[in-house]
Amino acid sequence: SSRVLETTEGGMEKLGEVTTWQDSKLFSEAERLALEYAERITYTDQWVDEELVEQLKKHYTEAQIVELTAAIAMENFRSKFNPPLGIEAQGFC
């Protein structure tokens, strides 16, 4: 949510650059890896290889990687499930 982003370092600025994260100087190495991981999970022409997993393990615990994977998968699910059913944002964030 935007409230969480407001309390994180550079949150709102990062939000503005999330679509161009590869070129942004605002994201840490750990954040860049998480964003790359999200893209590789999301795009069907990409995949997660062992090298990326090993890089993630340098910054995140196994439990955090599982949680990150679940969050990415849930957002991918929502992006496919909600629009055909006309489900719109509920204004919580």
# chains A, B, ... in the order shown; residues from 1 in each chain; ligands from 1
$ residues_around --residues "Ser24 (chain A)" --least-positions-apart "5" --cutoff "12 Å" --atoms "only C-alpha atoms" --output "PyMOL selection string"
chain A and resi 10+13-19+29+31-32
$ residues_around --residues "Leu33 (chain A)" --least-positions-apart "6" --cutoff "10 Å" --atoms "only C-alpha atoms" --output "VMD selection string"
chain A and resid 27 39 52 to 53 55 to 56 59
$ select_by_dssp --residues "chain A" --states "helix (DSSP H, G or I)" --output "PyMOL selection string"
chain A and resi 2-7+11-20+29-42+50-57+62-85
$ atom_distance --atom1 "CA of Pro83 (chain A)" --atom2 "CA of Gln22 (chain A)"
28.2 Å
$ atom_distance --atom1 "CA of Leu35 (chain A)" --atom2 "CA of Ile72 (chain A)"
9.8 Å
$ residues_around --residues "Ala38 (chain A)" --least-positions-apart "4" --cutoff "9 Å" --atoms "only C-alpha atoms" --output "list in words"
Leu33, Ala34, Thr42, Tyr43, Leu68, Thr69, Ile72 and Ala73 of chain A
$ write_last_selection --atoms "N, CA and C atoms" --output "short mmCIF file (atom, residue, chain, number, x, y, z; two decimals), in the first residue's frame"
data_model
loop_
_atom_site.label_atom_id
_atom_site.label_comp_id
_atom_site.auth_asym_id
_atom_site.auth_seq_id
_atom_site.Cartn_x
_atom_site.Cartn_y
_atom_site.Cartn_z
N LEU A 33 16.96 -7.74 -7.39
CA LEU A 33 16.80 -9.18 -7.55
C LEU A 33 15.33 -9.60 -7.39
N ALA A 34 14.65 -9.01 -6.42
CA ALA A 34 13.23 -9.32 -6.21
C ALA A 34 12.40 -8.89 -7.43
N THR A 42 6.50 -13.77 -13.92
CA THR A 42 5.33 -13.22 -14.58
C THR A 42 5.33 -13.44 -16.09
N TYR A 43 6.46 -13.20 -16.75
CA TYR A 43 6.51 -13.28 -18.20
C TYR A 43 6.71 -14.72 -18.66
N LEU A 68 7.77 -14.22 -0.97
CA LEU A 68 7.87 -13.39 -2.16
C LEU A 68 7.22 -14.09 -3.35
N THR A 69 7.51 -15.37 -3.51
CA THR A 69 6.94 -16.15 -4.61
C THR A 69 5.41 -16.18 -4.51
N ILE A 72 3.94 -12.75 -5.49
CA ILE A 72 4.00 -12.56 -6.94
C ILE A 72 2.93 -13.41 -7.62
N ALA A 73 2.82 -14.66 -7.22
CA ALA A 73 1.82 -15.55 -7.81
C ALA A 73 0.41 -15.04 -7.56
#
$ closest_residue --among "A:Leu85, A:Tyr37, A:Arg78, A:Gln90" --to "Ile65 (chain A)" --atoms "only C-alpha atoms"
A:Tyr37
$ atom_distance --atom1 "CA of Ser79 (chain A)" --atom2 "CA of Asp45 (chain A)"
17.6 Å
$ closest_residue --among "A:Phe77, A:Gln46, A:Ala30, A:Pro84" --to "Tyr60 (chain A)" --atoms "only C-alpha atoms"
A:Ala30
